[in-house]
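data.pdb (PDB, C-alpha atoms) appears below.
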```pdb
MODEL        1
ATOM      1  CA  MET O  17      21.513  31.373  31.814
ATOM      2  CA  LYS O  18      21.876  28.278  29.652
ATOM      3  CA  ILE O  19      24.816  26.121  30.670
ATOM      4  CA  ASP O  20      26.164  23.688  28.099
ATOM      5  CA  LEU O  21      28.685  21.079  29.278
ATOM      6  CA  SER O  22      28.884  19.148  26.019
ATOM      7  CA  ASN O  23      32.139  17.173  25.714
ATOM      8  CA  ASN O  24      32.525  17.167  29.513
ATOM      9  CA  SER O  25      32.452  14.044  31.667
ATOM     10  CA  VAL O  26      31.436  14.389  35.303
ATOM     11  CA  LEU O  27      31.863  11.805  38.049
ATOM     12  CA  ILE O  28      29.194  12.171  40.735
ATOM     13  CA  THR O  29      29.773  10.107  43.860
ATOM     14  CA  GLY O  30      26.812   9.034  45.959
ATOM     15  CA  SER O  31      24.558   9.463  42.939
ATOM     16  CA  THR O  32      21.623   7.517  44.376
ATOM     17  CA  GLY O  33      20.915   9.919  47.266
ATOM     18  CA  GLY O  34      18.581  12.900  47.043
ATOM     19  CA  ILE O  35      21.232  15.479  46.185
ATOM     20  CA  GLY O  36      23.044  12.938  44.006
ATOM     21  CA  LYS O  37      19.976  12.312  41.870
ATOM     22  CA  ALA O  38      19.410  16.030  41.398
ATOM     23  CA  LEU O  39      23.062  16.483  40.426
ATOM     24  CA  CYS O  40      22.815  13.717  37.837
ATOM     25  CA  HIS O  41      19.688  15.204  36.236
ATOM     26  CA  SER O  42      21.047  18.758  36.206
ATOM     27  CA  PHE O  43      24.332  17.772  34.579
ATOM     28  CA  ALA O  44      22.661  15.443  32.090
ATOM     29  CA  LYS O  45      20.299  18.242  31.051
ATOM     30  CA  ALA O  46      23.396  20.383  30.475
ATOM     31  CA  ASN O  47      24.646  17.741  28.000
ATOM     32  CA  ALA O  48      27.424  16.389  30.217
ATOM     33  CA  LYS O  49      28.268  12.712  30.187
ATOM     34  CA  VAL O  50      27.469  11.587  33.713
ATOM     35  CA  ILE O  51      29.384   8.842  35.501
ATOM     36  CA  LEU O  52      27.059   7.691  38.272
ATOM     37  CA  HIS O  53      28.895   6.241  41.244
ATOM     38  CA  PHE O  54      27.106   3.967  43.676
ATOM     39  CA  ASN O  55      28.132   1.559  46.392
ATOM     40  CA  LYS O  56      25.191  -0.680  47.311
ATOM     41  CA  GLN O  57      22.112   0.790  45.614
ATOM     42  CA  LYS O  58      22.588  -0.895  42.241
ATOM     43  CA  ASP O  59      18.896  -1.095  41.286
ATOM     44  CA  THR O  60      18.363   2.553  42.234
ATOM     45  CA  ALA O  61      21.382   3.527  40.159
ATOM     46  CA  LYS O  62      20.079   1.576  37.152
ATOM     47  CA  ASN O  63      16.700   3.261  37.368
ATOM     48  CA  LEU O  64      18.377   6.639  37.699
ATOM     49  CA  ILE O  65      20.603   6.272  34.647
ATOM     50  CA  ASN O  66      17.630   5.149  32.573
ATOM     51  CA  SER O  67      15.772   8.329  33.552
ATOM     52  CA  LEU O  68      18.513  10.731  32.459
ATOM     53  CA  PRO O  69      18.268  12.708  29.227
ATOM     54  CA  GLY O  70      21.059  12.401  26.687
ATOM     55  CA  ASP O  71      23.435   9.530  26.151
ATOM     56  CA  GLY O  72      26.930   8.393  27.019
ATOM     57  CA  HIS O  73      26.163   8.061  30.731
ATOM     58  CA  SER O  74      27.650   5.182  32.717
ATOM     59  CA  LEU O  75      27.441   3.413  36.068
ATOM     60  CA  ILE O  76      30.384   2.631  38.295
ATOM     61  CA  GLN O  77      30.507   0.822  41.644
ATOM     62  CA  ALA O  78      32.993   1.281  44.476
ATOM     63  CA  ASP O  79      33.216   1.425  48.231
ATOM     64  CA  LEU O  80      34.999   4.764  48.598
ATOM     65  CA  SER O  81      36.162   3.873  52.100
ATOM     66  CA  ASN O  82      38.335   1.226  50.423
ATOM     67  CA  SER O  83      41.369   2.827  48.767
ATOM     68  CA  ASN O  84      41.907  -0.122  46.428
ATOM     69  CA  GLU O  85      38.344   0.001  45.137
ATOM     70  CA  THR O  86      38.663   3.741  44.660
ATOM     71  CA  LYS O  87      41.797   3.276  42.562
ATOM     72  CA  ASP O  88      40.188   0.538  40.467
ATOM     73  CA  MET O  89      37.219   2.806  39.834
ATOM     74  CA  VAL O  90      39.325   5.728  38.631
ATOM     75  CA  ASP O  91      41.478   3.430  36.488
ATOM     76  CA  SER O  92      38.318   2.283  34.688
ATOM     77  CA  ILE O  93      37.279   5.820  33.713
ATOM     78  CA  SER O  94      38.550   7.013  30.344
ATOM     79  CA  ASP O  95      37.501  10.695  30.286
ATOM     80  CA  LEU O  96      37.181  12.894  33.356
ATOM     81  CA  ASP O  97      36.690  16.659  33.500
ATOM     82  CA  ILE O  98      34.656  17.278  36.667
ATOM     83  CA  VAL O  99      34.440  15.417  39.981
ATOM     84  CA  ILE O 100      31.685  16.012  42.529
ATOM     85  CA  ASN O 101      32.481  14.559  45.947
ATOM     86  CA  ASN O 102      28.916  14.081  47.140
ATOM     87  CA  ALA O 103      28.935  10.658  48.837
ATOM     88  CA  ALA O 104      28.686  10.950  52.606
ATOM     89  CA  LEU O 105      27.772   9.028  55.718
ATOM     90  CA  VAL O 106      25.791  10.711  58.493
ATOM     91  CA  GLU O 107      24.894   8.817  61.642
ATOM     92  CA  GLN O 108      23.335  10.322  64.732
ATOM     93  CA  ILE O 109      24.545   9.018  68.076
ATOM     94  CA  ASP O 110      24.173   9.443  71.814
ATOM     95  CA  MET O 111      27.725   9.295  73.123
ATOM     96  CA  ASN O 112      26.428   8.693  76.664
ATOM     97  CA  LYS O 113      25.069   5.333  75.522
ATOM     98  CA  MET O 114      28.073   4.184  73.495
ATOM     99  CA  SER O 115      30.955   1.953  74.447
ATOM    100  CA  TYR O 116      34.469   3.140  73.682
ATOM    101  CA  ASN O 117      34.728   0.532  70.917
ATOM    102  CA  ASP O 118      31.492   1.796  69.359
ATOM    103  CA  TRP O 119      32.836   5.346  69.551
ATOM    104  CA  VAL O 120      36.080   4.393  67.813
ATOM    105  CA  GLN O 121      34.283   2.494  65.049
ATOM    106  CA  TYR O 122      31.789   5.299  64.539
ATOM    107  CA  TRP O 123      34.554   7.837  63.924
ATOM    108  CA  ARG O 124      36.641   5.571  61.706
ATOM    109  CA  LYS O 125      33.673   4.648  59.526
ATOM    110  CA  THR O 126      32.539   8.240  59.068
ATOM    111  CA  LEU O 127      35.971   9.677  58.331
ATOM    112  CA  ASP O 128      36.768   6.876  55.887
ATOM    113  CA  VAL O 129      33.759   7.782  53.747
ATOM    114  CA  ASN O 130      33.462  11.542  54.242
ATOM    115  CA  LEU O 131      37.104  12.630  54.274
ATOM    116  CA  LEU O 132      39.591   9.934  53.328
ATOM    117  CA  GLY O 133      37.437   8.750  50.416
ATOM    118  CA  PRO O 134      37.322  12.211  48.796
ATOM    119  CA  ALA O 135      41.039  12.680  49.541
ATOM    120  CA  ASP O 136      41.936   9.420  47.781
ATOM    121  CA  LEU O 137      39.641  10.197  44.876
ATOM    122  CA  THR O 138      41.066  13.695  44.522
ATOM    123  CA  PHE O 139      44.646  12.472  44.404
ATOM    124  CA  LEU O 140      43.865   9.939  41.687
ATOM    125  CA  CYS O 141      41.596  12.148  39.594
ATOM    126  CA  ALA O 142      43.854  15.198  39.868
ATOM    127  CA  ASN O 143      46.730  13.194  38.421
ATOM    128  CA  ARG O 144      44.483  12.281  35.497
ATOM    129  CA  MET O 145      43.379  15.881  35.025
ATOM    130  CA  LYS O 146      46.971  17.150  35.009
ATOM    131  CA  MET O 147      47.607  15.083  31.880
ATOM    132  CA  ASN O 148      44.444  16.440  30.237
ATOM    133  CA  GLY O 149      45.018  20.143  30.835
ATOM    134  CA  GLY O 150      42.953  20.670  33.988
ATOM    135  CA  GLY O 151      39.569  20.096  35.560
ATOM    136  CA  LYS O 152      37.233  20.954  38.399
ATOM    137  CA  PHE O 153      36.300  19.484  41.774
ATOM    138  CA  ILE O 154      33.145  20.343  43.693
ATOM    139  CA  ASN O 155      32.877  19.108  47.265
ATOM    140  CA  ILE O 156      29.476  18.874  48.945
ATOM    141  CA  SER O 157      29.974  19.933  52.542
ATOM    142  CA  SER O 158      27.425  21.061  55.145
ATOM    143  CA  ARG O 159      26.321  23.953  57.306
ATOM    144  CA  GLY O 160      27.126  21.598  60.172
ATOM    145  CA  ALA O 161      30.824  22.136  59.484
ATOM    146  CA  PHE O 162      30.460  25.636  60.958
ATOM    147  CA  ARG O 163      27.729  25.432  63.592
ATOM    148  CA  GLY O 164      28.529  22.025  65.062
ATOM    149  CA  GLU O 165      26.676  18.713  65.061
ATOM    150  CA  PRO O 166      26.288  17.515  68.674
ATOM    151  CA  LYS O 167      24.276  14.460  67.614
ATOM    152  CA  ALA O 168      26.551  13.716  64.653
ATOM    153  CA  PRO O 169      29.990  14.983  65.715
ATOM    154  CA  ALA O 170      31.947  12.827  63.274
ATOM    155  CA  TYR O 171      29.843  14.092  60.374
ATOM    156  CA  GLY O 172      30.299  17.749  61.314
ATOM    157  CA  SER O 173      34.019  17.270  61.892
ATOM    158  CA  SER O 174      34.483  15.435  58.601
ATOM    159  CA  LYS O 175      32.760  18.222  56.687
ATOM    160  CA  SER O 176      34.859  20.873  58.409
ATOM    161  CA  ALA O 177      37.962  18.937  57.411
ATOM    162  CA  LEU O 178      36.605  18.592  53.863
ATOM    163  CA  ASN O 179      36.317  22.380  53.670
ATOM    164  CA  SER O 180      39.955  22.780  54.659
ATOM    165  CA  PHE O 181      41.004  20.021  52.268
ATOM    166  CA  GLY O 182      39.305  21.729  49.342
ATOM    167  CA  GLN O 183      41.023  25.016  50.098
ATOM    168  CA  SER O 184      44.384  23.292  50.444
ATOM    169  CA  MET O 185      43.908  21.630  47.060
ATOM    170  CA  ALA O 186      42.814  24.926  45.494
ATOM    171  CA  LEU O 187      46.202  26.327  46.463
ATOM    172  CA  ALA O 188      48.174  23.241  45.509
ATOM    173  CA  LEU O 189      46.621  22.567  42.104
ATOM    174  CA  ALA O 190      45.843  25.986  40.631
ATOM    175  CA  LYS O 191      49.120  25.807  38.718
ATOM    176  CA  ASP O 192      47.745  22.722  36.952
ATOM    177  CA  ASN O 193      44.524  24.472  35.898
ATOM    178  CA  ILE O 194      42.566  22.431  38.445
ATOM    179  CA  PHE O 195      39.963  24.331  40.449
ATOM    180  CA  PHE O 196      38.205  23.493  43.725
ATOM    181  CA  TYR O 197      34.850  24.632  45.014
ATOM    182  CA  THR O 198      32.825  23.659  48.064
ATOM    183  CA  ILE O 199      29.061  23.889  48.580
ATOM    184  CA  ALA O 200      27.790  23.951  52.169
ATOM    185  CA  PRO O 201      24.018  23.336  52.278
ATOM    186  CA  GLY O 202      21.814  23.559  55.317
ATOM    187  CA  PHE O 203      18.937  21.110  55.595
ATOM    188  CA  VAL O 204      17.923  19.730  52.199
ATOM    189  CA  GLU O 205      14.573  18.098  51.523
ATOM    190  CA  THR O 206      15.704  14.539  50.819
ATOM    191  CA  ASP O 207      14.312  11.150  51.796
ATOM    192  CA  ARG O 208      17.092  10.766  54.357
ATOM    193  CA  VAL O 209      15.955  13.688  56.508
ATOM    194  CA  LYS O 210      12.367  14.376  55.495
ATOM    195  CA  ASN O 211      11.042  12.735  58.665
ATOM    196  CA  ILE O 212      12.889  15.161  60.924
ATOM    197  CA  ILE O 213      12.139  18.384  59.026
ATOM    198  CA  ASN O 214       9.543  20.266  61.030
ATOM    199  CA  ASP O 215       8.243  23.813  61.386
ATOM    200  CA  GLU O 216      11.056  24.712  63.775
ATOM    201  CA  ILE O 217      13.699  23.657  61.250
ATOM    202  CA  ARG O 218      11.917  25.446  58.396
ATOM    203  CA  ALA O 219      11.743  28.611  60.506
ATOM    204  CA  GLN O 220      15.538  28.703  60.742
ATOM    205  CA  SER O 221      15.407  30.348  57.305
ATOM    206  CA  PRO O 222      13.489  33.586  56.627
ATOM    207  CA  LEU O 223      12.172  31.759  53.561
ATOM    208  CA  ASN O 224      10.466  29.380  55.991
ATOM    209  CA  ARG O 225      11.606  26.263  54.206
ATOM    210  CA  VAL O 226      14.636  24.080  53.616
ATOM    211  CA  ALA O 227      16.596  23.749  50.391
ATOM    212  CA  LYS O 228      15.471  21.642  47.492
ATOM    213  CA  PRO O 229      18.038  19.181  46.086
ATOM    214  CA  GLU O 230      17.760  20.944  42.746
ATOM    215  CA  GLU O 231      19.000  24.197  44.306
ATOM    216  CA  VAL O 232      22.199  22.514  45.432
ATOM    217  CA  ALA O 233      22.540  20.871  42.019
ATOM    218  CA  GLN O 234      22.082  24.152  40.153
ATOM    219  CA  THR O 235      24.792  25.755  42.265
ATOM    220  CA  ALA O 236      27.144  22.892  41.403
ATOM    221  CA  LEU O 237      26.247  23.185  37.725
ATOM    222  CA  TRP O 238      27.123  26.876  37.700
ATOM    223  CA  LEU O 239      30.440  26.221  39.461
ATOM    224  CA  ALA O 240      31.235  23.549  36.869
ATOM    225  CA  SER O 241      30.642  25.977  34.010
ATOM    226  CA  SER O 242      33.210  28.357  32.574
ATOM    227  CA  GLY O 243      34.062  31.850  33.742
ATOM    228  CA  ASN O 244      34.390  31.353  37.494
ATOM    229  CA  ASP O 245      37.960  30.093  37.902
ATOM    230  CA  PHE O 246      38.750  32.949  40.288
ATOM    231  CA  LEU O 247      36.272  31.467  42.776
ATOM    232  CA  THR O 248      38.590  28.524  43.347
ATOM    233  CA  GLY O 249      38.884  27.785  47.055
ATOM    234  CA  SER O 250      35.491  29.322  47.805
ATOM    235  CA  ILE O 251      32.861  27.811  50.084
ATOM    236  CA  ILE O 252      29.343  28.634  48.879
ATOM    237  CA  ASP O 253      26.590  28.605  51.516
ATOM    238  CA  VAL O 254      23.223  27.281  50.320
ATOM    239  CA  ASN O 255      21.258  27.575  53.534
ATOM    240  CA  GLY O 256      18.549  30.183  52.938
ATOM    241  CA  ALA O 257      20.146  32.680  55.347
ATOM    242  CA  SER O 258      19.648  30.197  58.187
ATOM    243  CA  TYR O 259      23.275  30.586  59.290
ATOM    244  CA  PHE O 260      25.910  33.260  58.714
ATOM    245  CA  ARG O 261      29.635  32.940  59.279
TER     246      ARG O 261
ENDMDL
END
```
Structure translated into C-alpha cells:
Amino acid sequence: MKIDLSNNSVLITGSTGGIGKALCHSFAKANAKVILHFNKQKDTAKNLINSLPGDGHSLIQADLSNSNETKDMVDSISDLDIVINNAALVEQIDMNKMSYNDWVQYWRKTLDVNLLGPADLTFLCANRMKMNGGGKFINISSRGAFRGEPKAPAYGSSKSALNSFGQSMALALAKDNIFFYTIAPGFVETDRVKNIINDEIRAQSPLNRVAKPEEVAQTALWLASSGNDFLTGSIIDVNGASYFR
C-alpha cells in the first residue's frame, strides 16, 4: 500500500534516536514535510535532515521537560498536521543503592520528559489543530507499560501513564477531528539497547528476533494515513507476540 502524505507536516520528537530516525525517513519517503525535533544532538540532527528525501523539512530544538521551551517551539511552527511523541528518557537503576534524593530526582526527570513533555506538547498542538480542522497524534509507548520494568520503574510507569493520557485525549478531542493512537513496541534494535539484546531476549518472540525501527515507523505511517479514524484511542502492540495483554 502506497501512502502519500503530501501537504502534511509532521513533528517528530526525539528524531535523533533509532526509532526517531526511522520515523523521519518513513514520513519523508511518504512526501510529508518533517519537522525534526532534537534537544542536544544538533550535529546528528543536521546529518539526518540532509539524508532525507524530499524538501521542506526543518530542524527545531527544545528541551521538552521545560514547558517554556516547549511553548516557544510550537509557536515557531507554522503548519502542523501530525505529532509523534517519540522522545523519551530511560534510565536503569538499582533502588537498593540509591539515596532518597537520587530516587526523587530520578522520578522527576523521567516523568518530565516522558509524560509531562508530551502532555504540554499535546495541549499546545491540539489548540493549533482545532483552528486548522483537525489532526493526529501518535504516542510511542512501550511493552514495559504492561509487564513492568523493575530496573526502570519510572520509565515503565511513565509509559503506562502515557497510554492512559492518549486514551483520555482520544475521548476529549474527537469532537475536534483530532485523533490519538499509541504504539507499544517491545525491544527494538537501536543503538541504545543493542548491547543488551541477547539470545534470551530474542527468544521472547516466536520470530526469534526483536523489532526493527522501521517496523515501528511503518506502523506510525499507516496510523497517520487516512481511513483509520475509528481506531482513535487504540494501543497497537509491536512486540512480535512476545507479550499478550
Tell me, as number ranges by chain, which residues lie within 12 Å of Asn63 of chain O, counting all atoms listed in the file; anything in the same chain fewer than 5 positions away does not count.
O: 31-32, 37, 52, 57-58, 68, 75
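Ranking O:Gly249, O:Phe203, O:Asn193, O:Ala240 by their shortest atom-to-atom distance to Glu216 of chain O, with all atoms listed in the file included, puts O:Phe203 first.
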Closest atom pairs, segment 154-180 of chain O residues within 10 Å of segment 219-238 of chain O, only C-alpha atoms, as a Markdown table:
```
| residue | atom | partner | partner_atom | distance |
| --- | --- | --- | --- | --- |
| O:Ile154 | CA | O:Ala236 | CA | 6.9 |
| O:Asn155 | CA | O:Ala236 | CA | 9.0 |
| O:Ile156 | CA | O:Ala236 | CA | 8.9 |
```
Once the PyMOL selection byres ((chain O and resi 97) around 7) has been evaluated on this model, what residues remain selected, and can you format them as a ChimeraX atom specification?
/O:24-26,95-96,98-99,145,151-152
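Nearest to Ser174 of chain O of all the residues O:Lys113, O:Lys125, O:Lys62, O:His41 is O:Lys125, counting all atoms listed in the file.
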Which residues match the PyMOL selection byres ((chain O and resi 157) around 10) in the file above, as JSON, numbers by chain?
{"O": [101, 102, 104, 130, 154, 155, 156, 158, 159, 160, 161, 171, 172, 174, 175, 176, 177, 178, 179, 198, 199, 200, 201, 202, 251, 252, 253]}
If you apply the PyMOL selection byres ((chain O and resi 21) around 9) to this file, what residues do you get, as a list in words?
Ile19, Asp20, Ser22, Asn23, Asn24, Ser25, Phe43, Ala44, Ala46, Asn47, Ala48, Lys49, Ala240 and Ser241 of chain O
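In this comparison, which uses only C-alpha atoms, the residue of O:Pro134, O:Asp59, O:Asp88, O:Met111 approaching Ile28 of chain O most closely is O:Pro134.
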Residue neighbourhood Asp245 of chain O, 9 Å, all atoms listed in the file, exclusion window fewer than 3 positions, as a PyMOL selection string
chain O and resi 193-196+239+242+248
Rebuild segment 152-169 of chain O to N, CA and C atoms - output it as a compact mmCIF listing (two decimals), in the coordinates of the input, please.
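Final output, saved to selection.txt:
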```txt
# COMPACT_ATOMS: atom_id res chain seq x y z
N LYS O 152 37.89 20.32 37.26
CA LYS O 152 37.23 20.95 38.40
C LYS O 152 36.76 19.91 39.40
N PHE O 153 36.85 20.28 40.68
CA PHE O 153 36.30 19.48 41.77
C PHE O 153 35.28 20.32 42.52
N ILE O 154 34.17 19.70 42.88
CA ILE O 154 33.15 20.34 43.69
C ILE O 154 32.85 19.42 44.86
N ASN O 155 33.13 19.89 46.07
CA ASN O 155 32.88 19.11 47.26
C ASN O 155 31.56 19.55 47.89
N ILE O 156 30.74 18.58 48.26
CA ILE O 156 29.48 18.87 48.94
C ILE O 156 29.72 18.75 50.44
N SER O 157 29.72 19.88 51.11
CA SER O 157 29.97 19.93 52.54
C SER O 157 28.65 20.09 53.28
N SER O 158 28.63 20.91 54.34
CA SER O 158 27.42 21.06 55.14
C SER O 158 27.53 22.29 56.03
N ARG O 159 26.39 22.89 56.31
CA ARG O 159 26.32 23.95 57.31
C ARG O 159 26.84 23.47 58.65
N GLY O 160 26.68 22.17 58.91
CA GLY O 160 27.13 21.60 60.17
C GLY O 160 28.62 21.70 60.40
N ALA O 161 29.38 21.96 59.33
CA ALA O 161 30.82 22.14 59.48
C ALA O 161 31.14 23.39 60.28
N PHE O 162 30.22 24.35 60.30
CA PHE O 162 30.46 25.64 60.96
C PHE O 162 29.73 25.77 62.29
N ARG O 163 28.53 25.21 62.39
CA ARG O 163 27.73 25.43 63.59
C ARG O 163 27.76 24.26 64.56
N GLY O 164 28.42 23.17 64.17
CA GLY O 164 28.53 22.02 65.06
C GLY O 164 27.38 21.04 64.89
N GLU O 165 27.67 19.78 65.16
CA GLU O 165 26.68 18.71 65.06
C GLU O 165 26.77 17.85 66.32
N PRO O 166 26.13 18.26 67.43
CA PRO O 166 26.29 17.52 68.67
C PRO O 166 25.77 16.08 68.62
N LYS O 167 24.79 15.82 67.75
CA LYS O 167 24.28 14.46 67.61
C LYS O 167 24.97 13.68 66.49
N ALA O 168 25.79 14.37 65.73
CA ALA O 168 26.55 13.72 64.65
C ALA O 168 27.93 14.35 64.57
N PRO O 169 28.72 14.25 65.65
CA PRO O 169 29.99 14.98 65.72
C PRO O 169 30.99 14.55 64.65
```
